[in-house]
file model11.cif (mmCIF, C-alpha atoms)
data_model
#
loop_
_atom_site.label_atom_id
_atom_site.label_comp_id
_atom_site.auth_asym_id
_atom_site.auth_seq_id
_atom_site.Cartn_x
_atom_site.Cartn_y
_atom_site.Cartn_z
CA MET A 1 -48.48 -19.18 -0.37
CA SER A 2 -46.63 -22.50 -0.77
CA ASN A 3 -46.79 -23.15 2.98
CA THR A 4 -50.44 -22.14 2.98
CA PHE A 5 -51.14 -24.47 0.09
CA GLU A 6 -49.43 -27.38 1.82
CA THR A 7 -51.38 -26.78 5.03
CA VAL A 8 -54.72 -26.38 3.27
CA ALA A 9 -54.12 -29.39 1.02
CA ALA A 10 -53.27 -31.50 4.09
CA ILE A 11 -56.47 -30.32 5.82
CA ILE A 12 -58.60 -31.15 2.77
CA SER A 13 -56.92 -34.51 2.33
CA GLU A 14 -57.50 -35.44 5.96
CA THR A 15 -61.05 -34.11 6.37
CA SER A 16 -62.38 -35.25 2.98
CA ASP A 17 -60.32 -38.40 2.46
CA ILE A 18 -58.84 -37.13 -0.81
CA PRO A 19 -55.32 -38.32 -1.72
CA LEU A 20 -52.86 -35.45 -1.25
CA GLU A 21 -51.38 -35.96 -4.72
CA GLU A 22 -54.77 -35.21 -6.32
CA ILE A 23 -54.80 -31.70 -4.84
CA ASN A 24 -52.91 -28.97 -6.72
CA PRO A 25 -53.08 -25.17 -6.90
CA GLU A 26 -55.31 -25.35 -9.98
CA SER A 27 -57.82 -27.73 -8.34
CA ASN A 28 -61.31 -26.38 -7.83
CA ALA A 29 -62.25 -27.63 -4.37
CA MET A 30 -65.92 -27.95 -5.28
CA GLU A 31 -65.87 -29.04 -8.91
CA ASP A 32 -62.60 -31.01 -9.17
CA LEU A 33 -62.27 -32.42 -5.67
CA GLY A 34 -66.00 -33.00 -5.15
CA ILE A 35 -66.17 -31.20 -1.82
CA ASP A 36 -69.69 -30.05 -0.98
CA SER A 37 -70.74 -27.17 1.23
CA LEU A 38 -71.23 -29.43 4.25
CA ASP A 39 -67.76 -30.95 3.89
CA PHE A 40 -66.39 -27.44 3.55
CA LEU A 41 -67.68 -26.53 7.02
CA ASP A 42 -65.21 -29.04 8.49
CA ILE A 43 -62.47 -27.70 6.24
CA ALA A 44 -63.28 -24.10 7.19
CA PHE A 45 -63.18 -25.09 10.87
CA ALA A 46 -59.72 -26.64 10.48
CA ILE A 47 -58.45 -23.67 8.42
CA ASP A 48 -59.87 -21.15 10.92
CA LYS A 49 -58.00 -22.95 13.71
CA ALA A 50 -54.76 -23.48 11.78
CA PHE A 51 -54.45 -19.85 10.64
CA GLY A 52 -56.22 -18.01 13.46
CA ILE A 53 -58.74 -16.51 11.06
CA LYS A 54 -62.45 -16.66 10.32
CA ILE A 55 -63.10 -17.56 6.69
CA PRO A 56 -66.06 -15.33 5.67
CA LEU A 57 -68.12 -18.24 4.37
CA ALA A 58 -71.42 -16.42 4.92
CA SER A 59 -70.47 -13.47 2.73
CA TRP A 60 -68.82 -15.71 0.11
CA THR A 61 -72.02 -17.74 -0.10
CA GLU A 62 -74.12 -14.59 -0.44
CA GLU A 63 -71.90 -13.29 -3.24
CA LEU A 64 -72.04 -16.61 -5.09
CA GLN A 65 -75.82 -16.82 -4.75
CA ALA A 66 -76.21 -13.24 -5.95
CA GLY A 67 -74.02 -13.98 -8.96
CA ASN A 68 -71.47 -11.39 -7.88
CA ALA A 69 -68.64 -13.94 -7.75
CA LYS A 70 -67.66 -17.21 -9.38
CA VAL A 71 -66.99 -20.45 -7.52
CA GLU A 72 -63.36 -20.36 -8.66
CA ASP A 73 -62.87 -16.93 -7.10
CA TYR A 74 -63.05 -18.56 -3.69
CA PHE A 75 -62.62 -22.28 -4.18
CA LEU A 76 -59.84 -22.64 -6.75
CA MET A 77 -57.05 -23.79 -4.45
CA LYS A 78 -54.59 -21.02 -5.39
CA ASN A 79 -57.30 -18.37 -4.94
CA LEU A 80 -58.47 -19.89 -1.67
CA CYS A 81 -54.89 -19.87 -0.35
CA ALA A 82 -54.37 -16.27 -1.46
CA ARG A 83 -57.49 -15.23 0.45
CA ILE A 84 -56.37 -17.17 3.52
CA ASP A 85 -53.02 -15.33 3.36
CA GLU A 86 -54.86 -11.99 3.19
CA LEU A 87 -57.08 -12.91 6.12
CA ALA A 88 -54.08 -14.11 8.16
CA VAL A 89 -52.23 -10.83 7.54
CA ALA A 90 -55.34 -8.84 8.49
CA ALA A 91 -55.75 -10.93 11.65
CA GLN A 92 -52.13 -10.29 12.65
CA GLU A 93 -52.52 -6.55 12.09
CA SER A 94 -55.72 -6.26 14.13
CA MET B 1 -87.67 -31.21 23.89
CA ILE B 2 -86.10 -28.47 26.03
CA ASP B 3 -88.44 -27.40 28.85
CA SER B 4 -86.40 -24.68 30.48
CA VAL B 5 -83.01 -23.01 30.53
CA GLU B 6 -81.22 -23.24 33.84
CA THR B 7 -78.07 -21.26 33.03
CA LEU B 8 -76.75 -19.34 30.08
CA ASN B 9 -73.14 -18.26 30.37
CA SER B 10 -72.41 -15.84 27.52
CA HIS B 11 -68.81 -15.34 28.66
CA GLU B 12 -68.02 -19.06 28.55
CA ALA B 13 -70.46 -19.62 25.68
CA SER B 14 -72.29 -22.45 27.38
CA ILE B 15 -75.82 -23.37 28.37
CA ILE B 16 -77.46 -25.75 30.81
CA ALA B 17 -81.07 -26.71 30.14
CA CYS B 18 -83.67 -29.10 31.52
CA ALA B 19 -85.75 -31.61 29.60
CA HIS B 20 -88.37 -33.92 31.04
CA VAL B 21 -89.20 -37.12 29.19
CA PRO B 22 -92.99 -37.67 29.27
CA ASP B 23 -94.35 -40.72 31.01
CA GLN B 24 -96.56 -41.57 28.03
CA SER B 25 -95.81 -41.02 24.35
CA PRO B 26 -96.72 -42.72 21.05
CA VAL B 27 -92.96 -42.95 20.50
CA PHE B 28 -92.72 -45.59 23.21
CA GLU B 29 -95.31 -47.82 21.53
CA GLY B 30 -92.77 -48.87 18.95
CA HIS B 31 -89.54 -48.04 20.73
CA PHE B 32 -89.73 -50.61 22.13
CA PRO B 33 -92.80 -52.76 22.91
CA GLY B 34 -92.40 -53.87 26.50
CA HIS B 35 -89.17 -51.90 26.95
CA ALA B 36 -89.82 -48.18 26.48
CA LEU B 37 -86.70 -46.12 25.69
CA VAL B 38 -86.08 -42.62 24.37
CA PRO B 39 -84.72 -43.07 20.81
CA GLY B 40 -81.14 -41.95 20.32
CA VAL B 41 -82.19 -39.56 17.55
CA LEU B 42 -84.39 -37.71 20.04
CA LEU B 43 -81.48 -37.42 22.46
CA ILE B 44 -79.42 -35.97 19.61
CA GLU B 45 -82.29 -33.59 18.81
CA THR B 46 -82.36 -32.55 22.47
CA MET B 47 -78.62 -31.77 22.40
CA ALA B 48 -79.12 -29.92 19.10
CA GLN B 49 -81.92 -27.81 20.58
CA ALA B 50 -79.83 -26.82 23.59
CA SER B 51 -76.93 -25.97 21.27
CA GLY B 52 -79.26 -24.05 18.98
CA TYR B 53 -80.64 -21.95 21.83
CA LEU B 54 -77.06 -21.22 22.91
CA ILE B 55 -76.12 -20.05 19.41
CA LEU B 56 -79.33 -18.00 19.15
CA ALA B 57 -78.54 -16.25 22.42
CA LEU B 58 -74.91 -15.61 21.47
CA ASN B 59 -75.92 -14.02 18.17
CA GLU B 60 -78.61 -12.02 19.99
CA PHE B 61 -81.46 -13.78 18.16
CA ARG B 62 -80.45 -12.27 14.82
CA SER B 63 -80.06 -15.50 12.85
CA MET B 64 -81.17 -19.10 13.01
CA PRO B 65 -78.96 -22.16 13.53
CA PHE B 66 -79.85 -25.31 11.58
CA LEU B 67 -78.32 -28.68 12.46
CA ALA B 68 -75.91 -29.71 9.70
CA SER B 69 -73.90 -32.60 11.07
CA VAL B 70 -73.48 -34.86 14.09
CA LYS B 71 -70.16 -36.42 15.00
CA GLU B 72 -68.96 -38.78 17.66
CA ALA B 73 -72.48 -39.33 18.97
CA LYS B 74 -72.44 -41.83 21.80
CA MET B 75 -75.53 -43.23 23.50
CA ARG B 76 -74.03 -44.43 26.75
CA THR B 77 -77.04 -45.75 28.60
CA PHE B 78 -80.82 -46.17 28.27
CA VAL B 79 -83.14 -43.24 28.95
CA PRO B 80 -86.60 -44.40 30.14
CA PRO B 81 -89.94 -42.53 30.23
CA ASP B 82 -90.42 -39.95 33.00
CA ALA B 83 -86.69 -39.15 33.19
CA ASP B 84 -85.41 -35.72 34.16
CA LEU B 85 -82.50 -34.76 31.94
CA ILE B 86 -79.90 -32.05 32.23
CA VAL B 87 -78.62 -30.90 28.84
CA THR B 88 -75.31 -29.06 28.59
CA ALA B 89 -73.87 -27.49 25.45
CA ALA B 90 -70.74 -25.42 24.89
CA LEU B 91 -69.59 -23.52 21.84
CA GLU B 92 -66.53 -25.15 20.32
CA HIS B 93 -66.05 -22.75 17.42
CA GLU B 94 -67.99 -19.89 15.89
CA GLY B 95 -67.17 -19.46 12.24
CA SER B 96 -68.73 -17.25 9.61
CA GLY B 97 -72.13 -18.74 8.85
CA TYR B 98 -71.55 -21.86 10.92
CA ALA B 99 -70.83 -22.96 14.47
CA MET B 100 -69.76 -26.11 16.25
CA THR B 101 -70.75 -27.25 19.72
CA LYS B 102 -70.07 -30.09 22.10
CA ALA B 103 -73.07 -31.27 24.07
CA HIS B 104 -74.00 -33.93 26.56
CA ILE B 105 -76.99 -35.07 28.60
CA THR B 106 -76.95 -36.38 32.14
CA GLN B 107 -79.59 -38.17 34.19
CA ASP B 108 -79.11 -38.29 37.97
CA GLY B 109 -75.55 -37.05 37.46
CA LYS B 110 -74.67 -39.83 35.04
CA LYS B 111 -73.77 -39.02 31.43
CA VAL B 112 -76.23 -40.71 29.08
CA CYS B 113 -75.03 -39.35 25.74
CA ASP B 114 -72.73 -36.83 24.09
CA ALA B 115 -71.94 -35.53 20.60
CA GLN B 116 -70.22 -32.88 18.53
CA LEU B 117 -72.68 -30.85 16.48
CA THR B 118 -72.28 -28.51 13.53
CA PHE B 119 -74.83 -25.85 12.60
CA ARG B 120 -75.30 -23.65 9.58
CA ILE B 121 -76.33 -20.18 10.71
CA MET B 122 -78.45 -18.13 8.35
CA PRO B 123 -81.04 -15.35 8.38
CA PHE B 124 -84.48 -16.46 9.52
CA PRO B 125 -86.07 -17.90 6.37
CA SER B 126 -89.53 -16.69 7.41
CA LYS B 127 -91.14 -14.20 9.75
CA ASP B 128 -93.33 -17.00 11.13
CA LEU B 129 -90.28 -18.96 12.25
CA GLU B 130 -88.71 -15.85 13.76
CA ARG B 131 -91.92 -15.14 15.70
CA HIS B 132 -92.15 -18.75 16.82
CA MET B 133 -88.55 -18.76 18.04
CA THR B 134 -89.10 -15.48 19.89
CA MET B 135 -92.06 -17.02 21.72
CA GLN B 136 -90.15 -20.24 22.35
CA VAL B 137 -87.11 -18.54 23.91
CA GLU B 138 -89.45 -16.64 26.24
CA LYS B 139 -91.32 -19.83 27.11
CA ILE B 140 -88.17 -21.71 28.12
CA GLY B 141 -86.73 -18.72 29.97
CA LEU B 142 -83.76 -18.19 27.69
CA LYS B 143 -84.08 -14.39 27.64
CA LYS B 144 -84.37 -14.33 31.42
CA ALA B 145 -81.31 -16.55 31.75
CA ASN B 146 -79.35 -14.32 29.36
#
call {"tool": "encode", "arguments": {"input": "model11.cif", "output": "C-alpha cells"}}
result
Amino acid sequence: MSNTFETVAAIISETSDIPLEEINPESNAMEDLGIDSLDFLDIAFAIDKAFGIKIPLASWTEELQAGNAKVEDYFLMKNLCARIDELAVAAQES
Amino acid sequence: MIDSVETLNSHEASIIACAHVPDQSPVFEGHFPGHALVPGVLLIETMAQASGYLILALNEFRSMPFLASVKEAKMRTFVPPDADLIVTAALEHEGSGYAMTKAHITQDGKKVCDAQLTFRIMPFPSKDLERHMTMQVEKIGLKKAN
C-alpha cells in the first residue's frame, strides 16, 4: 500500500502539476486535489501502465452515476490505492 | 473527412485511411484569402476520425468513441486544396471507458501532421447516432477492411 501510494501520488503530481506534499492518503483526488474526469484519464493511463492493470473506470463511473457508490469509495487516495492493489493481485493471478 | 479505409489491422490495432481535400470549400474563403490551406483543427479532426473508426472496429461497433483530448499536435507543413491524404492511426492504450491513439497524416509520402489523441468510450447515446455510424462504416469500407 505504501509503495502503491508513493507511485500513485508521483503520477498524480506529475500529470496534474500538484505538489507531492499536498497529496496524502486522506486526499480525495476529485474534491481535494481538484482533478477532473478528463485529467483522471491521463492518471488512469499512467496507473494502468505502471501496475499492469486496467482501472475499471467505466464501471466506477456507472456506479457513481447510479448512486450505488460514493466518490470517496474510488477516489479517496487510500481507497484508490487499495483497489489498485486488488487489481494488481488479480492481474498477477490471471 | 475520411473517404475510405485502406487497411484495418486488428492484430496490430492500427488503421490506414484515405481523405481527399476538396478543391473548393467555403472554409478556404477565410483560411486564408489568396492562400488556401486546410485548417489545423480539420487535420486534427481527420486524425480523430481515423482513430475513432479504429476504436469502433476494435470494440466491434458496440460503443462510441468521443474525442477528449489532443496532445503533442504538430502541423508540420501546409495542406492545400485538392490534396490526397493518407491517415494512419494506432492504438496506444485501451483502458476501461477510454482509449489513446497516436495518429499522423502524410501527403505524397511526407508527414504533414501528427498527434496523440484520447477518447472517452461510452454506449451510443442515441439510436440515430448508432444507425448513422453503421451506415458510415459501410460507406467508407471499414467493415470490408475488417
call {"tool": "residues_around", "arguments": {"input": "model11.cif", "residues": "stretch 104-117 of chain B", "least_positions_apart": "5", "cutoff": "12 Å", "atoms": "all atoms listed in the file", "output": "number ranges by chain"}}
result
A: 41-42; B: 2, 14-21, 38-52, 55, 65-94, 98-99
call {"tool": "resolve_selection", "arguments": {"input": "model11.cif", "expression": "the PyMOL selection byres ((chain A) within 8 of (chain B))", "output": "list in words"}}
result
Leu38, Leu41, Ala44, Phe45, Asp48, Lys54, Ile55, Pro56, Leu57 and Ala58 of chain A
call {"tool": "write_last_selection", "arguments": {"input": "model11.cif", "atoms": "C-alpha atoms", "output": "short mmCIF file (atom, residue, chain, number, x, y, z; two decimals), in the coordinates of the input"}}
result
data_model
loop_
_atom_site.label_atom_id
_atom_site.label_comp_id
_atom_site.auth_asym_id
_atom_site.auth_seq_id
_atom_site.Cartn_x
_atom_site.Cartn_y
_atom_site.Cartn_z
CA LEU A 38 -71.23 -29.43 4.25
CA LEU A 41 -67.68 -26.53 7.02
CA ALA A 44 -63.28 -24.10 7.19
CA PHE A 45 -63.18 -25.09 10.87
CA ASP A 48 -59.87 -21.15 10.92
CA LYS A 54 -62.45 -16.66 10.32
CA ILE A 55 -63.10 -17.56 6.69
CA PRO A 56 -66.06 -15.33 5.67
CA LEU A 57 -68.12 -18.24 4.37
CA ALA A 58 -71.42 -16.42 4.92
#
call {"tool": "atom_distance", "arguments": {"input": "model11.cif", "atom1": "atom CA of A:Val71", "atom2": "atom CA of A:Ile23"}}
result
16.8 Å
call {"tool": "residues_around", "arguments": {"input": "model11.cif", "residues": "B:Thr134", "least_positions_apart": "2", "cutoff": "12 Å", "atoms": "only C-alpha atoms", "output": "list of chain:residue names"}}
result
B:Tyr53, B:Leu56, B:Ala57, B:Glu60, B:Phe61, B:Arg62, B:Ser63, B:Met64, B:Phe124, B:Lys127, B:Asp128, B:Leu129, B:Glu130, B:Arg131, B:His132, B:Gln136, B:Val137, B:Glu138, B:Lys139, B:Ile140, B:Gly141, B:Leu142, B:Lys143
call {"tool": "closest_residue", "arguments": {"input": "model11.cif", "among": "A:Gln65, A:Ile11, A:Ile53, A:Asp32", "to": "A:Arg83", "atoms": "all atoms listed in the file"}}
result
A:Ile53
call {"tool": "resolve_selection", "arguments": {"input": "model11.cif", "expression": "the PyMOL selection byres ((chain A and resi 72-79) around 8)", "output": "PyMOL selection string"}}
result
chain A and resi 5+24-30+60+69-71+80-83
call {"tool": "axis_aligned_box", "arguments": {"input": "model11.cif", "around": "stretch 45-56 of chain B", "padding_each_side": "3 Å", "output": "lines of an AutoDock Vina configuration file"}}
result
center_x = -79.2
center_y = -25.8
center_z = 21.2
size_x = 12.2
size_y = 21.6
size_z = 10.8
call {"tool": "atom_distance", "arguments": {"input": "model11.cif", "atom1": "atom CA of A:Gln92", "atom2": "atom CA of A:Ser16"}}
result
28.7 Å
call {"tool": "atom_distance", "arguments": {"input": "model11.cif", "atom1": "atom CA of A:Thr15", "atom2": "atom CA of A:Glu31"}}
result
16.8 Å
call {"tool": "build_atoms", "arguments": {"input": "model11.cif", "residues": "stretch 56-82 of chain A", "atoms": "N, CA, C and O atoms", "output": "compact mmCIF listing (two decimals), keeping the file's coordinate frame"}}
result
# COMPACT_ATOMS: atom_id res chain seq x y z
N PRO A 56 -64.71 -15.95 5.77
CA PRO A 56 -66.06 -15.33 5.67
C PRO A 56 -67.01 -16.12 4.77
O PRO A 56 -67.47 -15.63 3.73
N LEU A 57 -67.29 -17.35 5.20
CA LEU A 57 -68.12 -18.24 4.37
C LEU A 57 -69.50 -17.64 4.08
O LEU A 57 -70.03 -17.80 2.99
N ALA A 58 -70.06 -16.97 5.10
CA ALA A 58 -71.42 -16.42 4.92
C ALA A 58 -71.44 -15.40 3.78
O ALA A 58 -72.31 -15.45 2.91
N SER A 59 -70.46 -14.49 3.78
CA SER A 59 -70.47 -13.47 2.73
C SER A 59 -70.07 -14.06 1.38
O SER A 59 -70.59 -13.66 0.34
N TRP A 60 -69.16 -15.05 1.39
CA TRP A 60 -68.82 -15.71 0.11
C TRP A 60 -70.06 -16.37 -0.48
O TRP A 60 -70.32 -16.26 -1.68
N THR A 61 -70.82 -17.05 0.37
CA THR A 61 -72.02 -17.74 -0.10
C THR A 61 -73.03 -16.74 -0.67
O THR A 61 -73.62 -16.97 -1.73
N GLU A 62 -73.19 -15.63 0.03
CA GLU A 62 -74.12 -14.59 -0.44
C GLU A 62 -73.69 -14.07 -1.81
O GLU A 62 -74.51 -13.89 -2.72
N GLU A 63 -72.39 -13.83 -1.96
CA GLU A 63 -71.90 -13.29 -3.24
C GLU A 63 -72.09 -14.30 -4.37
O GLU A 63 -72.44 -13.92 -5.50
N LEU A 64 -71.85 -15.57 -4.06
CA LEU A 64 -72.04 -16.61 -5.09
C LEU A 64 -73.50 -16.71 -5.48
O LEU A 64 -73.84 -16.79 -6.67
N GLN A 65 -74.38 -16.69 -4.47
CA GLN A 65 -75.82 -16.82 -4.75
C GLN A 65 -76.35 -15.61 -5.52
O GLN A 65 -77.25 -15.73 -6.34
N ALA A 66 -75.76 -14.45 -5.26
CA ALA A 66 -76.21 -13.24 -5.95
C ALA A 66 -75.58 -13.11 -7.34
O ALA A 66 -75.92 -12.21 -8.10
N GLY A 67 -74.68 -14.03 -7.65
CA GLY A 67 -74.02 -13.98 -8.96
C GLY A 67 -72.94 -12.91 -9.05
O GLY A 67 -72.50 -12.54 -10.14
N ASN A 68 -72.50 -12.43 -7.89
CA ASN A 68 -71.47 -11.39 -7.88
C ASN A 68 -70.05 -11.97 -7.84
O ASN A 68 -69.08 -11.22 -7.81
N ALA A 69 -69.95 -13.29 -7.76
CA ALA A 69 -68.64 -13.94 -7.75
C ALA A 69 -68.79 -15.31 -8.38
O ALA A 69 -69.90 -15.84 -8.51
N LYS A 70 -67.66 -15.85 -8.81
CA LYS A 70 -67.66 -17.21 -9.38
C LYS A 70 -67.08 -18.17 -8.35
O LYS A 70 -66.27 -17.77 -7.51
N VAL A 71 -67.47 -19.44 -8.47
CA VAL A 71 -66.99 -20.45 -7.52
C VAL A 71 -65.46 -20.45 -7.46
O VAL A 71 -64.86 -20.53 -6.40
N GLU A 72 -64.83 -20.31 -8.64
CA GLU A 72 -63.36 -20.36 -8.66
C GLU A 72 -62.71 -19.17 -7.95
O GLU A 72 -61.56 -19.26 -7.52
N ASP A 73 -63.44 -18.07 -7.82
CA ASP A 73 -62.87 -16.93 -7.10
C ASP A 73 -62.49 -17.30 -5.67
O ASP A 73 -61.53 -16.78 -5.11
N TYR A 74 -63.28 -18.19 -5.08
CA TYR A 74 -63.05 -18.56 -3.69
C TYR A 74 -62.54 -19.98 -3.50
O TYR A 74 -61.85 -20.27 -2.53
N PHE A 75 -62.88 -20.86 -4.44
CA PHE A 75 -62.62 -22.28 -4.18
C PHE A 75 -61.60 -22.92 -5.13
O PHE A 75 -61.36 -24.11 -5.03
N LEU A 76 -61.02 -22.15 -6.05
CA LEU A 76 -59.84 -22.64 -6.75
C LEU A 76 -58.71 -22.59 -5.72
O LEU A 76 -58.54 -21.57 -5.05
N MET A 77 -57.99 -23.67 -5.57
CA MET A 77 -57.05 -23.79 -4.45
C MET A 77 -56.12 -22.58 -4.34
O MET A 77 -55.89 -22.06 -3.25
N LYS A 78 -55.55 -22.14 -5.47
CA LYS A 78 -54.59 -21.02 -5.39
C LYS A 78 -55.30 -19.73 -4.94
O LYS A 78 -54.74 -18.93 -4.18
N ASN A 79 -56.56 -19.56 -5.36
CA ASN A 79 -57.30 -18.37 -4.94
C ASN A 79 -57.71 -18.46 -3.46
O ASN A 79 -57.65 -17.48 -2.72
N LEU A 80 -58.11 -19.67 -3.07
CA LEU A 80 -58.47 -19.89 -1.67
C LEU A 80 -57.27 -19.58 -0.77
O LEU A 80 -57.40 -18.89 0.25
N CYS A 81 -56.09 -20.09 -1.17
CA CYS A 81 -54.89 -19.87 -0.35
C CYS A 81 -54.51 -18.39 -0.31
O CYS A 81 -54.08 -17.89 0.73
N ALA A 82 -54.68 -17.70 -1.44
CA ALA A 82 -54.37 -16.27 -1.46
C ALA A 82 -55.29 -15.51 -0.51
O ALA A 82 -54.85 -14.61 0.22
